[in-house]
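Peer 1: Submitted below is the structure of interest, expressed as structure tokens.
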Amino acid sequence: MLVLGLETSCDETGVALYDSAQGLLADALFSQIDLHRVYGGVVPELASRDHVKRMLPLIRQVLADAGREAAQIDAIAYTAGPGLVGALLVGASCAQALAFAWGIPAVGVHHMEGHLLAPMLEEQPPTFPFVALLVSGGHTQLVRVDGIGRYELLGESVDDAAGEAFDKTAKLMGLRYPGGPEIARRAEQGTPGRFVFPRPMTDRPGLDFSFSGLKTFTLNTWQQCRSAGDDGEQTRCDIALAFQQAVVETLTIKCRRALKQTGLKSLVIAGGVSANRALREALQAMLGEMKGQVFYARPRFCTDNGAMIAYAGCQRLLAGQHDGPQIGVQARWPMETLPAI
């Protein structure tokens, strides 16, 4: 089955072609970072308009790169949620229109299920069951995964997601958008031990997260440094390191708890923050101690992309699932409500 995947949940337009027999054939991505950077964050209306502009040219590019014709496509998968409603509607409308014109089925894919399954595109994919840490700009969740659609939510953020905390913290210190990579780059030059930040909600049982207080702690530290006239680049780097260490250690502690609670030895990390090198190294070290294994996608498939949507959609299409001709998206969509296959 040859599946065209479309991703338009936020500020990246992703398109990919996935073949159930041959694997990923081609993918293309257009990031709107430069468009939104001047505003310090994503502007939903601008995001939607840019998806309209980029979608068809990217589809043509992917078809050309894969050496395929539109008539060869068997089905279309698109992100139906969660995400920005306007942006989601662009992908859904395009998918349903093409599906109608070509006489093929279309299926809406859950954005976070796409992220969760992205490591399946690698040469050594994980096998079920495993614990998944989903860390992105909008979500921080720990999920037990027994199969596609067989998800048990173990814990989640009660306020800011980890990626959101990275972006907001960077903005508070005057760093450019997107903040996650800016914090990570400066953390590499930070002085270990100059600042020590709290590890939120690790002193109590449970698997939920909270990063809002850590963001406030960082702001207070930055403001104190500025008041003392110590707001140079090295101080930014030192604060960035302390913040990143706090987030990474918090996530690692909760992952260890989740693995012990479930008795599993395999951990998948997915979502934009999973590209963070410090997080990967910490989780690899922790799984090494536990004699387990950690899995993640290559960096370009950690952020939003069409390949993960094409793959996830293909699995559901092969199981006989598809949508009707109606165009429907969901800004919020609990992943545990998805049907199992």
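Residue numbers start at 1 in each chain; chains themselves are named A, B, ... in the order of the structure tokens; ligands are numbered from 1 in the order shown.
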Neighbouring residues of segment 250-255 of chain A were defined as those with any atom within 7 Å, considering only C-alpha atoms; residues of the same chain fewer than 5 positions away were excluded. Please report them as a VMD selection string.
Peer 2: chain A and resid 199 to 200 202 207 282 to 283
Peer 1: Just list as a PyMOL selection string whatever in segment 80-327 of chain A DSSP marks as strand (DSSP E).
Peer 2: chain A and resi 80-81+106-110+130-135+140-147+150-156+266-270+293-295
Peer 1: Keeping only N, CA and C atoms, write those residues as an mmCIF file, in the first residue's frame.
Peer 2:
```cif
data_model
loop_
_atom_site.group_PDB
_atom_site.id
_atom_site.type_symbol
_atom_site.label_atom_id
_atom_site.label_comp_id
_atom_site.auth_asym_id
_atom_site.auth_seq_id
_atom_site.Cartn_x
_atom_site.Cartn_y
_atom_site.Cartn_z
ATOM 1 N N ALA A 80 -5.210 14.828 11.993
ATOM 2 C CA ALA A 80 -6.552 15.308 12.328
ATOM 3 C C ALA A 80 -6.600 15.954 13.705
ATOM 4 N N GLY A 81 -5.496 15.923 14.438
ATOM 5 C CA GLY A 81 -5.435 16.525 15.762
ATOM 6 C C GLY A 81 -4.439 15.768 16.616
ATOM 7 N N ALA A 106 -9.140 8.019 2.805
ATOM 8 C CA ALA A 106 -8.320 8.913 3.617
ATOM 9 C C ALA A 106 -8.549 8.566 5.081
ATOM 10 N N VAL A 107 -7.518 8.783 5.905
ATOM 11 C CA VAL A 107 -7.651 8.502 7.328
ATOM 12 C C VAL A 107 -6.976 9.614 8.125
ATOM 13 N N GLY A 108 -7.666 10.084 9.160
ATOM 14 C CA GLY A 108 -7.100 11.088 10.055
ATOM 15 C C GLY A 108 -6.226 10.427 11.102
ATOM 16 N N VAL A 109 -5.050 10.981 11.322
ATOM 17 C CA VAL A 109 -4.069 10.402 12.244
ATOM 18 C C VAL A 109 -3.918 11.302 13.462
ATOM 19 N N HIS A 110 -3.758 10.680 14.616
ATOM 20 C CA HIS A 110 -3.472 11.418 15.842
ATOM 21 C C HIS A 110 -2.015 11.849 15.812
ATOM 22 N N PHE A 130 6.254 -1.355 25.415
ATOM 23 C CA PHE A 130 7.286 -0.452 25.895
ATOM 24 C C PHE A 130 6.638 0.745 26.568
ATOM 25 N N VAL A 131 7.455 1.507 27.280
ATOM 26 C CA VAL A 131 7.018 2.780 27.845
ATOM 27 C C VAL A 131 7.466 3.875 26.898
ATOM 28 N N ALA A 132 6.595 4.830 26.628
ATOM 29 C CA ALA A 132 6.928 5.945 25.746
ATOM 30 C C ALA A 132 6.909 7.252 26.523
ATOM 31 N N LEU A 133 7.958 8.038 26.340
ATOM 32 C CA LEU A 133 7.997 9.407 26.847
ATOM 33 C C LEU A 133 7.765 10.328 25.662
ATOM 34 N N LEU A 134 6.626 10.989 25.640
ATOM 35 C CA LEU A 134 6.284 11.917 24.563
ATOM 36 C C LEU A 134 6.560 13.329 25.049
ATOM 37 N N VAL A 135 7.554 13.977 24.444
ATOM 38 C CA VAL A 135 7.961 15.311 24.889
ATOM 39 C C VAL A 135 8.011 16.245 23.691
ATOM 40 N N THR A 140 3.763 16.568 27.352
ATOM 41 C CA THR A 140 4.744 15.768 28.077
ATOM 42 C C THR A 140 3.952 14.658 28.749
ATOM 43 N N GLN A 141 4.134 13.442 28.255
ATOM 44 C CA GLN A 141 3.341 12.318 28.740
ATOM 45 C C GLN A 141 4.203 11.066 28.847
ATOM 46 N N LEU A 142 3.863 10.228 29.805
ATOM 47 C CA LEU A 142 4.403 8.876 29.903
ATOM 48 C C LEU A 142 3.260 7.915 29.602
ATOM 49 N N VAL A 143 3.492 7.012 28.654
ATOM 50 C CA VAL A 143 2.434 6.126 28.183
ATOM 51 C C VAL A 143 2.953 4.695 28.120
ATOM 52 N N ARG A 144 2.173 3.768 28.628
ATOM 53 C CA ARG A 144 2.472 2.349 28.398
ATOM 54 C C ARG A 144 1.861 1.969 27.053
ATOM 55 N N VAL A 145 2.669 1.357 26.197
ATOM 56 C CA VAL A 145 2.235 1.027 24.843
ATOM 57 C C VAL A 145 2.308 -0.484 24.658
ATOM 58 N N ASP A 146 1.154 -1.136 24.516
ATOM 59 C CA ASP A 146 1.102 -2.581 24.293
ATOM 60 C C ASP A 146 0.834 -2.929 22.841
ATOM 61 N N GLY A 147 0.613 -1.953 22.012
ATOM 62 C CA GLY A 147 0.355 -2.142 20.598
ATOM 63 C C GLY A 147 -0.210 -0.849 20.042
ATOM 64 N N ARG A 150 -3.247 0.703 21.703
ATOM 65 C CA ARG A 150 -3.372 0.112 23.046
ATOM 66 C C ARG A 150 -2.475 0.908 23.986
ATOM 67 N N TYR A 151 -3.020 2.043 24.447
ATOM 68 C CA TYR A 151 -2.243 3.001 25.220
ATOM 69 C C TYR A 151 -2.841 3.188 26.611
ATOM 70 N N GLU A 152 -1.961 3.240 27.596
ATOM 71 C CA GLU A 152 -2.365 3.550 28.966
ATOM 72 C C GLU A 152 -1.562 4.759 29.440
ATOM 73 N N LEU A 153 -2.259 5.848 29.704
ATOM 74 C CA LEU A 153 -1.590 7.054 30.176
ATOM 75 C C LEU A 153 -1.130 6.848 31.611
ATOM 76 N N LEU A 154 0.187 6.987 31.832
ATOM 77 C CA LEU A 154 0.767 6.797 33.156
ATOM 78 C C LEU A 154 0.960 8.118 33.892
ATOM 79 N N GLY A 155 1.248 9.174 33.164
ATOM 80 C CA GLY A 155 1.465 10.481 33.766
ATOM 81 C C GLY A 155 1.602 11.535 32.693
ATOM 82 N N GLU A 156 1.342 12.781 33.054
ATOM 83 C CA GLU A 156 1.442 13.878 32.100
ATOM 84 C C GLU A 156 1.685 15.178 32.841
ATOM 85 N N SER A 266 12.059 -1.465 27.929
ATOM 86 C CA SER A 266 12.220 -0.699 26.698
ATOM 87 C C SER A 266 11.541 0.655 26.839
ATOM 88 N N LEU A 267 12.260 1.705 26.438
ATOM 89 C CA LEU A 267 11.735 3.061 26.515
ATOM 90 C C LEU A 267 11.849 3.718 25.150
ATOM 91 N N VAL A 268 10.771 4.316 24.693
ATOM 92 C CA VAL A 268 10.771 5.116 23.465
ATOM 93 C C VAL A 268 10.630 6.575 23.855
ATOM 94 N N ILE A 269 11.490 7.448 23.313
ATOM 95 C CA ILE A 269 11.310 8.881 23.495
ATOM 96 C C ILE A 269 10.984 9.483 22.136
ATOM 97 N N ALA A 270 9.970 10.335 22.097
ATOM 98 C CA ALA A 270 9.503 10.889 20.829
ATOM 99 C C ALA A 270 8.992 12.305 21.032
ATOM 100 N N GLN A 293 16.807 -0.803 27.077
ATOM 101 C CA GLN A 293 17.160 -0.171 25.814
ATOM 102 C C GLN A 293 16.248 1.019 25.550
ATOM 103 N N VAL A 294 16.831 2.076 24.991
ATOM 104 C CA VAL A 294 16.062 3.262 24.638
ATOM 105 C C VAL A 294 16.043 3.411 23.121
ATOM 106 N N PHE A 295 14.899 3.813 22.595
ATOM 107 C CA PHE A 295 14.716 3.965 21.152
ATOM 108 C C PHE A 295 14.252 5.385 20.854
#
```
Peer 1: Could you go through segment 55-230 of chain A and tell me which residues DSSP, when run on the backbone, assigns to alpha helix (DSSP H), listing them as a PyMOL selection string?
Peer 2: chain A and resi 55-66+85-102+111-117+162-172+179-187+212-227
Peer 1: Tell me which protein, DNA and RNA residues are within 6 Å of Ala87 of chain A, counting only C-alpha atoms, leaving out same-chain ones fewer than 3 positions away, and put them as a list of chain:residue names.
Peer 2: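 With the cut-off at 6 Å, the set is A:Thr8, A:Ser9, A:Ser48, A:Leu84, A:Val90.
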Peer 1: Write the selection just made, keeping N, CA and C atoms, as a short mmCIF file (atom, residue, chain, number, x, y, z; two decimals), in the first residue's frame?
Peer 2:
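Below is the file that was written, out-v1.cif:
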```
data_model
loop_
_atom_site.label_atom_id
_atom_site.label_comp_id
_atom_site.auth_asym_id
_atom_site.auth_seq_id
_atom_site.Cartn_x
_atom_site.Cartn_y
_atom_site.Cartn_z
N THR A 8 0.11 19.04 9.16
CA THR A 8 -0.08 20.50 9.25
C THR A 8 -0.62 20.88 10.62
N SER A 9 -0.13 20.27 11.69
CA SER A 9 -0.73 20.51 13.00
C SER A 9 -0.34 21.86 13.60
N SER A 48 -1.64 28.90 9.24
CA SER A 48 -2.64 28.30 8.34
C SER A 48 -2.43 28.76 6.90
N LEU A 84 -3.41 23.17 16.10
CA LEU A 84 -4.12 24.41 15.79
C LEU A 84 -5.23 24.10 14.79
N VAL A 90 -6.35 22.82 7.04
CA VAL A 90 -5.68 22.89 5.75
C VAL A 90 -5.32 21.48 5.27
#
```
Peer 1: Could you make a table, as a Markdown table, of the residues of segment 17-127 of chain A that have an atom within 12 Å of an atom of segment 296-300 of chain A, each with its nearest atom pair and distance in Å to one decimal, counting only C-alpha atoms, in chain and number order?
Peer 2:
```
| residue | atom | partner | partner_atom | distance |
| --- | --- | --- | --- | --- |
| A:Asp27 | CA | A:Arg300 | CA | 10.5 |
| A:Ala28 | CA | A:Arg300 | CA | 10.4 |
| A:Leu29 | CA | A:Arg300 | CA | 9.4 |
| A:Phe30 | CA | A:Arg300 | CA | 11.8 |
| A:Ser31 | CA | A:Arg300 | CA | 11.5 |
| A:Gly114 | CA | A:Ala297 | CA | 11.4 |
| A:His115 | CA | A:Ala297 | CA | 8.9 |
| A:Leu116 | CA | A:Tyr296 | CA | 9.1 |
| A:Leu117 | CA | A:Ala297 | CA | 8.9 |
| A:Ala118 | CA | A:Ala297 | CA | 5.9 |
| A:Pro119 | CA | A:Ala297 | CA | 4.4 |
| A:Met120 | CA | A:Ala297 | CA | 7.8 |
| A:Leu121 | CA | A:Ala297 | CA | 7.4 |
| A:Glu122 | CA | A:Ala297 | CA | 6.6 |
| A:Glu123 | CA | A:Ala297 | CA | 10.0 |
| A:Gln124 | CA | A:Tyr296 | CA | 9.9 |
| A:Pro125 | CA | A:Tyr296 | CA | 8.6 |
| A:Pro126 | CA | A:Tyr296 | CA | 8.9 |
```
Peer 1: Could you turn the residues from that selection into a file that holds all heavy atoms, as a compact mmCIF listing (two decimals), in the first residue's frame?
Peer 2:
```
# COMPACT_ATOMS: atom_id res chain seq x y z
N ASP A 27 10.30 12.16 1.56
CA ASP A 27 9.61 13.08 2.46
C ASP A 27 10.17 14.48 2.27
O ASP A 27 11.32 14.65 1.83
CB ASP A 27 9.76 12.65 3.92
CG ASP A 27 11.17 12.83 4.45
OD1 ASP A 27 12.04 11.99 4.11
OD2 ASP A 27 11.42 13.79 5.19
N ALA A 28 9.38 15.47 2.56
CA ALA A 28 9.79 16.87 2.45
C ALA A 28 9.13 17.65 3.57
O ALA A 28 8.03 17.33 4.02
CB ALA A 28 9.41 17.44 1.08
N LEU A 29 9.82 18.70 4.01
CA LEU A 29 9.33 19.49 5.14
C LEU A 29 9.64 20.96 4.90
O LEU A 29 10.75 21.30 4.48
CB LEU A 29 9.99 19.03 6.44
CG LEU A 29 9.54 19.73 7.73
CD1 LEU A 29 8.15 19.25 8.13
CD2 LEU A 29 10.53 19.47 8.85
N PHE A 30 8.67 21.80 5.18
CA PHE A 30 8.91 23.25 5.18
C PHE A 30 8.61 23.78 6.57
O PHE A 30 7.49 23.65 7.07
CB PHE A 30 8.06 23.99 4.15
CG PHE A 30 8.38 25.46 4.09
CD1 PHE A 30 9.41 25.92 3.30
CD2 PHE A 30 7.68 26.36 4.87
CE1 PHE A 30 9.73 27.28 3.27
CE2 PHE A 30 7.99 27.72 4.85
CZ PHE A 30 9.02 28.17 4.04
N SER A 31 9.62 24.38 7.20
CA SER A 31 9.46 24.94 8.53
C SER A 31 9.15 26.43 8.44
O SER A 31 9.75 27.16 7.64
CB SER A 31 10.74 24.73 9.34
OG SER A 31 10.63 25.38 10.59
N GLY A 114 1.52 9.62 15.84
CA GLY A 114 2.56 9.70 14.81
C GLY A 114 3.94 9.82 15.42
O GLY A 114 4.87 9.11 15.03
N HIS A 115 4.08 10.73 16.40
CA HIS A 115 5.37 10.88 17.08
C HIS A 115 5.78 9.57 17.77
O HIS A 115 6.94 9.14 17.68
CB HIS A 115 5.29 11.99 18.14
CG HIS A 115 5.53 13.36 17.60
ND1 HIS A 115 6.68 13.69 16.91
CD2 HIS A 115 4.78 14.50 17.65
CE1 HIS A 115 6.62 14.98 16.56
NE2 HIS A 115 5.48 15.48 17.00
N LEU A 116 4.84 8.94 18.46
CA LEU A 116 5.13 7.72 19.20
C LEU A 116 5.64 6.62 18.28
O LEU A 116 6.53 5.84 18.67
CB LEU A 116 3.86 7.28 19.93
CG LEU A 116 3.96 6.10 20.90
CD1 LEU A 116 2.90 6.23 21.98
CD2 LEU A 116 3.77 4.76 20.18
N LEU A 117 5.11 6.56 17.07
CA LEU A 117 5.48 5.49 16.14
C LEU A 117 6.64 5.87 15.22
O LEU A 117 7.12 5.03 14.46
CB LEU A 117 4.27 5.10 15.28
CG LEU A 117 3.08 4.51 16.06
CD1 LEU A 117 1.92 4.22 15.11
CD2 LEU A 117 3.48 3.23 16.80
N ALA A 118 7.13 7.12 15.30
CA ALA A 118 8.22 7.55 14.42
C ALA A 118 9.46 6.66 14.53
O ALA A 118 10.13 6.40 13.52
CB ALA A 118 8.58 9.01 14.70
N PRO A 119 9.83 6.17 15.74
CA PRO A 119 11.00 5.27 15.81
C PRO A 119 10.83 3.98 15.01
O PRO A 119 11.83 3.28 14.75
CB PRO A 119 11.13 4.98 17.31
CG PRO A 119 10.53 6.19 17.97
CD PRO A 119 9.38 6.55 17.09
N MET A 120 9.60 3.64 14.63
CA MET A 120 9.38 2.45 13.81
C MET A 120 9.96 2.61 12.40
O MET A 120 10.11 1.63 11.67
CB MET A 120 7.88 2.16 13.70
CG MET A 120 7.20 1.87 15.02
SD MET A 120 7.81 0.34 15.78
CE MET A 120 6.74 0.22 17.23
N LEU A 121 10.30 3.84 12.03
CA LEU A 121 10.89 4.10 10.72
C LEU A 121 12.39 3.78 10.70
O LEU A 121 13.01 3.81 9.63
CB LEU A 121 10.67 5.56 10.32
CG LEU A 121 9.22 5.99 10.08
CD1 LEU A 121 9.12 7.51 10.04
CD2 LEU A 121 8.69 5.39 8.78
N GLU A 122 12.98 3.51 11.85
CA GLU A 122 14.41 3.25 11.93
C GLU A 122 14.73 1.78 11.62
O GLU A 122 13.85 0.93 11.60
CB GLU A 122 14.93 3.63 13.32
CG GLU A 122 14.65 5.08 13.70
CD GLU A 122 15.22 6.07 12.71
OE1 GLU A 122 16.38 5.86 12.24
OE2 GLU A 122 14.53 7.05 12.38
N GLU A 123 16.02 1.51 11.40
CA GLU A 123 16.45 0.16 11.04
C GLU A 123 16.23 -0.83 12.17
O GLU A 123 15.97 -2.01 11.93
CB GLU A 123 17.92 0.17 10.64
CG GLU A 123 18.20 0.87 9.32
CD GLU A 123 19.66 0.75 8.90
OE1 GLU A 123 20.43 0.08 9.63
OE2 GLU A 123 20.03 1.32 7.87
N GLN A 124 16.36 -0.37 13.42
CA GLN A 124 16.13 -1.23 14.57
C GLN A 124 14.98 -0.66 15.40
O GLN A 124 15.20 0.03 16.41
CB GLN A 124 17.39 -1.35 15.42
CG GLN A 124 18.53 -2.05 14.69
CD GLN A 124 19.75 -2.23 15.58
OE1 GLN A 124 20.07 -1.39 16.42
NE2 GLN A 124 20.46 -3.33 15.39
N PRO A 125 13.76 -0.92 15.00
CA PRO A 125 12.60 -0.35 15.70
C PRO A 125 12.33 -1.08 17.01
O PRO A 125 12.75 -2.23 17.20
CB PRO A 125 11.46 -0.57 14.71
CG PRO A 125 11.86 -1.81 13.96
CD PRO A 125 13.36 -1.74 13.84
N PRO A 126 11.63 -0.42 17.93
CA PRO A 126 11.25 -1.09 19.19
C PRO A 126 10.16 -2.13 18.93
O PRO A 126 9.48 -2.10 17.91
CB PRO A 126 10.72 0.06 20.04
CG PRO A 126 10.21 1.06 19.04
CD PRO A 126 11.14 0.96 17.87
```
Peer 1: Can you check which parts of segment 4-27 of chain A lie within 10 Å of segment 52-59 of chain A? Per residue, the shortest pair of atoms and distance in Å to one decimal, counting only C-alpha atoms, sorted by chain and number, as a Markdown table.
Peer 2:
```
| residue | atom | partner | partner_atom | distance |
| --- | --- | --- | --- | --- |
| A:Leu4 | CA | A:Ile59 | CA | 8.5 |
| A:Gly5 | CA | A:Ile59 | CA | 9.3 |
| A:Leu6 | CA | A:Met55 | CA | 8.3 |
| A:Glu7 | CA | A:Met55 | CA | 9.3 |
| A:Thr8 | CA | A:Met55 | CA | 8.9 |
| A:Glu12 | CA | A:Arg54 | CA | 9.7 |
| A:Thr13 | CA | A:Met55 | CA | 6.8 |
| A:Gly14 | CA | A:Leu58 | CA | 7.8 |
| A:Val15 | CA | A:Ile59 | CA | 6.2 |
| A:Ala16 | CA | A:Ile59 | CA | 7.8 |
| A:Leu17 | CA | A:Ile59 | CA | 9.1 |
| A:Asp27 | CA | A:Leu58 | CA | 8.8 |
```
Peer 1: In Å, rounded to a single decimal, give me how far atom CA of Arg257 of chain A is from atom CA of Gly179 of chain A.
Peer 2: 28.3 Å
Peer 1: Out of A:Leu46, A:Val248, A:Met201, A:Ile76, which residue has the shortest atom-to-atom distance to Glu281 of chain A when counting only C-alpha atoms?
Peer 2: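 Looking only at the distances to Glu281 of chain A, the closest residue turns out to be A:Val248.
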